[in-house]
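Visitor: Sharing coords_5.cif, mmCIF, C-alpha atoms and all ligand atoms:
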```cif
data_my_file
loop_
_atom_site.label_atom_id
_atom_site.label_comp_id
_atom_site.auth_asym_id
_atom_site.auth_seq_id
_atom_site.Cartn_x
_atom_site.Cartn_y
_atom_site.Cartn_z
CA MET B 812 100.90 49.57 100.36
CA GLY B 813 99.19 46.29 101.14
CA LYS B 814 95.47 46.42 101.54
CA ASN B 815 93.98 47.88 104.72
CA ARG B 816 97.23 49.55 105.78
CA GLU B 817 97.34 53.15 106.88
CA ILE B 818 100.09 55.15 108.58
CA PRO B 819 98.73 55.75 112.11
CA ALA B 820 97.95 59.42 112.86
CA ILE B 821 99.96 59.30 116.10
CA ALA B 822 103.17 58.64 114.12
CA LYS B 823 102.60 61.76 112.01
CA GLU B 824 101.92 63.79 115.15
CA LEU B 825 105.32 62.82 116.56
CA ALA B 826 107.19 64.09 113.50
CA GLY B 827 108.07 67.47 115.02
CA ASN B 828 109.12 66.19 118.45
CA GLU B 829 112.62 66.83 119.71
CA LYS B 830 112.79 63.29 121.10
CA VAL B 831 110.87 60.19 119.97
CA ARG B 832 110.79 57.06 122.12
CA ILE B 833 109.87 53.82 120.37
CA LEU B 834 109.19 50.42 121.94
CA PHE B 835 108.93 47.37 119.64
CA VAL B 836 106.88 44.50 121.07
CA CYS B 837 106.35 40.84 120.10
CA LEU B 838 105.54 37.72 122.13
CA GLY B 839 108.90 36.37 123.31
CA ASN B 840 111.14 39.42 122.71
CA ILE B 841 113.76 37.06 121.29
CA CYS B 842 112.99 37.14 117.54
CA ARG B 843 110.92 39.91 115.94
CA SER B 844 111.07 42.86 118.35
CA PRO B 845 114.82 42.72 119.14
CA ALA B 846 115.41 42.50 115.39
CA ALA B 847 113.18 45.56 114.87
CA GLU B 848 115.17 47.36 117.56
CA GLY B 849 118.45 46.44 115.81
CA VAL B 850 117.21 47.52 112.37
CA MET B 851 115.89 50.86 113.71
CA ARG B 852 119.06 51.58 115.72
CA SER B 853 121.13 51.02 112.62
CA LEU B 854 118.88 53.26 110.49
CA VAL B 855 118.88 56.20 112.91
CA GLU B 856 122.66 55.97 113.16
CA GLU B 857 123.01 55.82 109.40
CA ARG B 858 120.90 58.99 109.11
CA GLY B 859 122.76 60.81 111.91
CA GLN B 860 119.57 60.88 114.02
CA ALA B 861 120.59 58.60 116.89
CA ASP B 862 120.37 61.40 119.50
CA ARG B 863 116.75 62.10 118.66
CA PHE B 864 115.55 58.54 119.24
CA GLU B 865 115.25 56.21 122.19
CA ILE B 866 114.67 52.64 121.01
CA ASP B 867 113.90 49.51 123.03
CA SER B 868 111.97 46.24 122.75
CA ALA B 869 109.94 43.98 125.05
CA GLY B 870 107.77 40.87 125.04
CA LEU B 871 104.26 40.00 126.19
CA TYR B 872 105.48 36.57 127.36
CA GLY B 873 108.15 36.77 130.05
CA GLY B 874 109.45 33.20 129.73
CA HIS B 875 112.62 34.25 127.91
CA ALA B 876 113.45 37.18 130.21
CA GLY B 877 117.18 37.89 130.36
CA GLU B 878 117.99 35.90 127.21
CA LEU B 879 119.78 37.20 124.14
CA PRO B 880 117.76 36.97 120.90
CA ASP B 881 117.19 33.51 119.42
CA ARG B 882 120.43 32.25 117.84
CA ARG B 883 118.75 31.87 114.41
CA MET B 884 117.55 35.49 114.52
CA ARG B 885 121.00 36.69 115.55
CA ILE B 886 122.63 34.81 112.66
CA HIS B 887 120.19 36.05 110.00
CA ALA B 888 120.42 39.60 111.33
CA PHE B 889 124.24 39.47 111.49
CA GLN B 890 124.35 38.45 107.83
CA ARG B 891 122.67 41.81 107.07
CA GLY B 892 124.99 43.78 109.34
CA TYR B 893 122.88 43.94 112.53
CA ASN B 894 124.41 42.89 115.82
CA LEU B 895 121.53 42.03 118.19
CA THR B 896 122.56 42.40 121.83
CA HIS B 897 119.23 43.12 123.54
CA HIS B 898 118.28 40.98 126.53
CA SER B 899 114.64 39.92 126.60
CA ARG B 900 112.36 41.66 129.07
CA PRO B 901 108.60 41.64 129.63
CA VAL B 902 106.38 44.64 128.84
CA ARG B 903 105.66 46.65 132.01
CA SER B 904 102.96 49.20 132.77
CA SER B 905 105.52 52.04 132.98
CA ASP B 906 106.28 51.45 129.28
CA TYR B 907 103.12 53.41 128.44
CA ASP B 908 104.66 56.44 130.16
CA ASP B 909 108.19 55.83 128.98
CA PHE B 910 107.45 55.52 125.22
CA ASP B 911 105.65 57.61 122.59
CA LEU B 912 105.08 54.78 120.13
CA ILE B 913 104.52 51.11 121.03
CA VAL B 914 104.85 48.99 117.90
CA ALA B 915 103.15 45.58 117.82
CA MET B 916 104.35 42.85 115.46
CA ASP B 917 101.04 40.98 115.07
CA HIS B 918 97.35 41.37 115.80
CA SER B 919 97.46 39.43 119.04
CA ASN B 920 100.30 41.65 120.34
CA TYR B 921 98.31 44.70 119.23
CA ASP B 922 95.06 43.67 120.92
CA ARG B 923 96.81 42.78 124.17
CA LEU B 924 98.87 46.00 124.26
CA ARG B 925 95.76 48.08 123.58
CA GLY B 926 93.91 46.17 126.29
CA PHE B 927 96.63 46.79 128.90
CA ALA B 928 96.83 50.54 128.14
CA PRO B 929 96.05 52.50 131.34
CA THR B 930 94.42 55.43 129.48
CA LEU B 931 92.88 56.15 126.08
CA GLU B 932 95.85 58.37 125.30
CA ASP B 933 98.18 55.45 126.00
CA GLU B 934 96.04 53.17 123.84
CA ARG B 935 96.65 55.50 120.88
CA LYS B 936 100.40 54.91 121.23
CA VAL B 937 99.95 51.27 120.23
CA VAL B 938 100.36 50.76 116.47
CA ARG B 939 100.99 47.84 114.12
CA MET B 940 104.37 47.41 112.45
CA ILE B 941 102.70 46.18 109.26
CA ASP B 942 100.98 49.55 108.80
CA PHE B 943 104.40 51.05 107.99
CA VAL B 944 105.35 48.37 105.46
CA ARG B 945 104.95 49.37 101.81
CA GLY B 946 105.74 46.08 100.05
CA PHE B 947 104.65 42.53 100.86
CA PRO B 948 100.91 42.89 100.14
CA GLN B 949 100.50 39.20 101.01
CA CYS B 950 101.37 39.88 104.70
CA ASP B 951 98.92 41.22 107.26
CA CYS B 952 101.40 41.19 110.15
CA VAL B 953 105.05 40.45 110.97
CA PRO B 954 104.60 36.70 111.46
CA ASP B 955 106.12 34.72 114.32
CA PRO B 956 109.19 32.91 112.87
CA TYR B 957 109.83 30.74 115.95
CA TYR B 958 108.55 27.49 114.41
CA GLU B 959 109.58 28.40 110.86
CA GLY B 960 112.72 27.77 108.82
CA ALA B 961 115.29 30.22 107.50
CA GLU B 962 112.78 31.84 105.13
CA GLY B 963 110.61 32.85 108.11
CA PHE B 964 113.51 34.78 109.65
CA GLU B 965 114.43 36.35 106.31
CA LEU B 966 110.82 37.47 105.78
CA VAL B 967 110.77 39.09 109.23
CA LEU B 968 113.94 41.04 108.40
CA ASP B 969 112.60 42.05 104.97
CA LEU B 970 109.39 43.36 106.58
CA LEU B 971 111.27 45.16 109.35
CA GLU B 972 113.71 46.87 106.98
CA ASP B 973 110.82 48.09 104.83
CA GLY B 974 108.65 49.16 107.79
CA CYS B 975 111.40 50.83 109.86
CA ARG B 976 112.57 52.87 106.87
CA ASN B 977 109.07 54.21 106.28
CA MET B 978 108.43 54.74 109.97
CA LEU B 979 111.58 56.83 110.20
CA ASP B 980 110.57 58.79 107.09
CA VAL B 981 107.23 59.64 108.75
CA LEU B 982 108.89 60.54 112.06
CA THR B 983 111.48 62.83 110.47
CA LEU B 984 109.21 64.65 107.99
P1 LIG E 1 109.03 36.41 119.05
O1 LIG E 1 109.05 34.82 118.76
O2 LIG E 1 107.68 36.74 119.62
O3 LIG E 1 109.23 36.99 117.69
O4 LIG E 1 110.17 36.67 120.00
C1 LIG E 1 108.72 33.90 119.75
C2 LIG E 1 109.68 33.46 120.64
C3 LIG E 1 109.35 32.55 121.62
C4 LIG E 1 108.08 32.07 121.72
C5 LIG E 1 107.09 32.52 120.84
C6 LIG E 1 107.42 33.44 119.87
N1 LIG E 1 107.74 31.12 122.71
O5 LIG E 1 106.57 30.72 122.78
O6 LIG E 1 108.61 30.73 123.50
#
```
So, in terms of structure tokens, how does the structure I just supplied come out?

Guide:
Amino acid sequence: MGKNREIPAIAKELAGNEKVRILFVCLGNICRSPAAEGVMRSLVEERGQADRFEIDSAGLYGGHAGELPDRRMRIHAFQRGYNLTHHSRPVRSSDYDDFDLIVAMDHSNYDRLRGFAPTLEDERKVVRMIDFVRGFPQCDCVPDPYYEGAEGFELVLDLLEDGCRNMLDVLTL
């Protein structure tokens, strides 16, 4: 584990639930969070657990609403076998009722999602993706690749594959 990372208690508490609903959130909902959704969908299918999970993604900035993921993200993901078909949508207040775990890609996403939470119980649902990542000790979040080159998109996918695998391990204990 990288320094200062800890599996959030709420994730462990969900391990026995019949159904687990996960919402991945980033800023634009066109790069990181739809990729996280695609990676997690593929993992739960691979493990024969698709029926137990509800998986979605959303963005804190609504300017890309309705759009498919960024073309660069789709290409890098496709090269690893993920077909990203999500259409961007903004986070809405009902998401706090509709999901058990709200997974933020960076610290700004995390702070804003915690701040918007209607209740303290809802605030506890908000966790950081990086807390599930075991490798990459140099990273303290899943960094925004929008203004980066190919290596930025590859790093995002590396972090998401690592983090989603461990998140699913915790949730299926
Ligand atoms: P994402 O990347 O948050 O990973 O989807 C971004 C996409 C678009 C913008 C910022 C980040 N934007 O400012 O338009």

Visitor: Using all atoms listed in the file, can you tell me which of B:Val836, B:Ala847, B:Glu857, B:Tyr957 comes closest to Arg923 of chain B?

Guide: B:Val836

Visitor: When you count all atoms listed in the file, which of these residues is closest to ligand LIG 1 (chain E): B:Leu871, B:Ala820, B:Leu895, B:Ala888?

Guide: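 Of B:Leu871, B:Ala820, B:Leu895, B:Ala888, the one nearest ligand LIG 1 (chain E), counting all atoms listed in the file, is B:Leu871.
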
Visitor: Need to verify the contact set: Leu879 of chain B, 9 Å, only C-alpha atoms, exclusion of same-chain residues closer than 3 positions in sequence. Can you return it as a list in words?

Guide: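 What passes the distance filter is Ile841, Pro845, His875, Ala876, Arg882, Arg885, Leu895, Thr896, His897, His898 and Ser899 of chain B.
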
Visitor: Between B:Ala869, B:Ile941, B:Ile821, B:Val855, single out the one closest to Asp911 of chain B, counting all atoms listed in the file.

Guide: B:Ile821

Visitor: What residues of the protein or nucleic acid chains come within 8 Å of ligand LIG 1 (chain E) when you use all atoms listed in the file? Reply as a ChimeraX atom specification.

Guide: /B:836-845,870,872,874-875,880-881,916,954-957

Visitor: Which residue gives the smallest distance to Pro901 of chain B among B:Leu834, B:Leu931, B:Leu984, B:Leu966, with all atoms listed in the file counted?

Guide: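 Closest to Pro901 of chain B, using all atoms listed in the file: B:Leu834.
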
Visitor: Check the smallest atom-to-atom distance from each of B:Asp942, B:Glu865, B:Glu932, B:Glu972 to Gly892 of chain B using only C-alpha atoms, then report the winner.

Guide: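 Among B:Asp942, B:Glu865, B:Glu932, B:Glu972, it is B:Glu972 that comes nearest to Gly892 of chain B.
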
Visitor: What is the atom CA of Glu829 of chain B to atom CA of Glu817 of chain B distance in Å?

Guide: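 Spanning atom CA of Glu829 of chain B to atom CA of Glu817 of chain B is a straight-line distance of 24.2 Å.
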
Visitor: Skipping near chain neighbours, those fewer than 2 positions away, what residues fall within 9 Å of Ala822 of chain B using only C-alpha atoms, listed as a list in words?

Guide: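 Those residues are Ile818, Pro819, Ala820, Glu824, Leu825, Ala826, Asp911, Leu912, Lys936, Val938, Met978, Val981 and Leu982 of chain B.
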
Visitor: When distances are computed from all atoms listed in the file, which of B:Val967, B:Met940, B:Ala861, B:Val831 shows the smallest separation from Asn920 of chain B?

Guide: B:Met940

Visitor: Could you please determine the separation between atom CA of Tyr893 of chain B and atom CA of Phe947 of chain B in Å, to one decimal place?

Guide: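 Taking atom CA of Tyr893 of chain B as the start and atom CA of Phe947 of chain B as the end point, the length is 21.7 Å.
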
Visitor: Work out how far apart atom CA of Phe889 of chain B and atom CA of Thr983 of chain B are and give it in Å to one decimal.

Guide: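 Taking atom CA of Phe889 of chain B as the start and atom CA of Thr983 of chain B as the end point, the length is 26.6 Å.
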
Visitor: Once 5 Å is added on each side, what centre and edge lengths in Å to one decimal does the axis-aligned box around all listed atoms of segment 830-835 of chain B have, as JSON?

Guide:
```
{"center_x": 110.9, "center_y": 55.3, "center_z": 120.9, "size_x": 13.9, "size_y": 25.9, "size_z": 12.5}
```

Visitor: Hey, what's within 9 Å of His918 of chain B if we count only C-alpha atoms and toss same-chain stuff fewer than 3 positions away? As a VMD selection string, please?

Guide: chain B and resid 915 921 to 923 939 951 to 952

Visitor: For a cut-off of 12 Å around (119.1, 53.2, 111.6), file coordinates, pick out all residues using all atoms listed in the file and list them as a VMD selection string.

Guide: chain B and resid 846 to 866 892 to 893 971 to 980
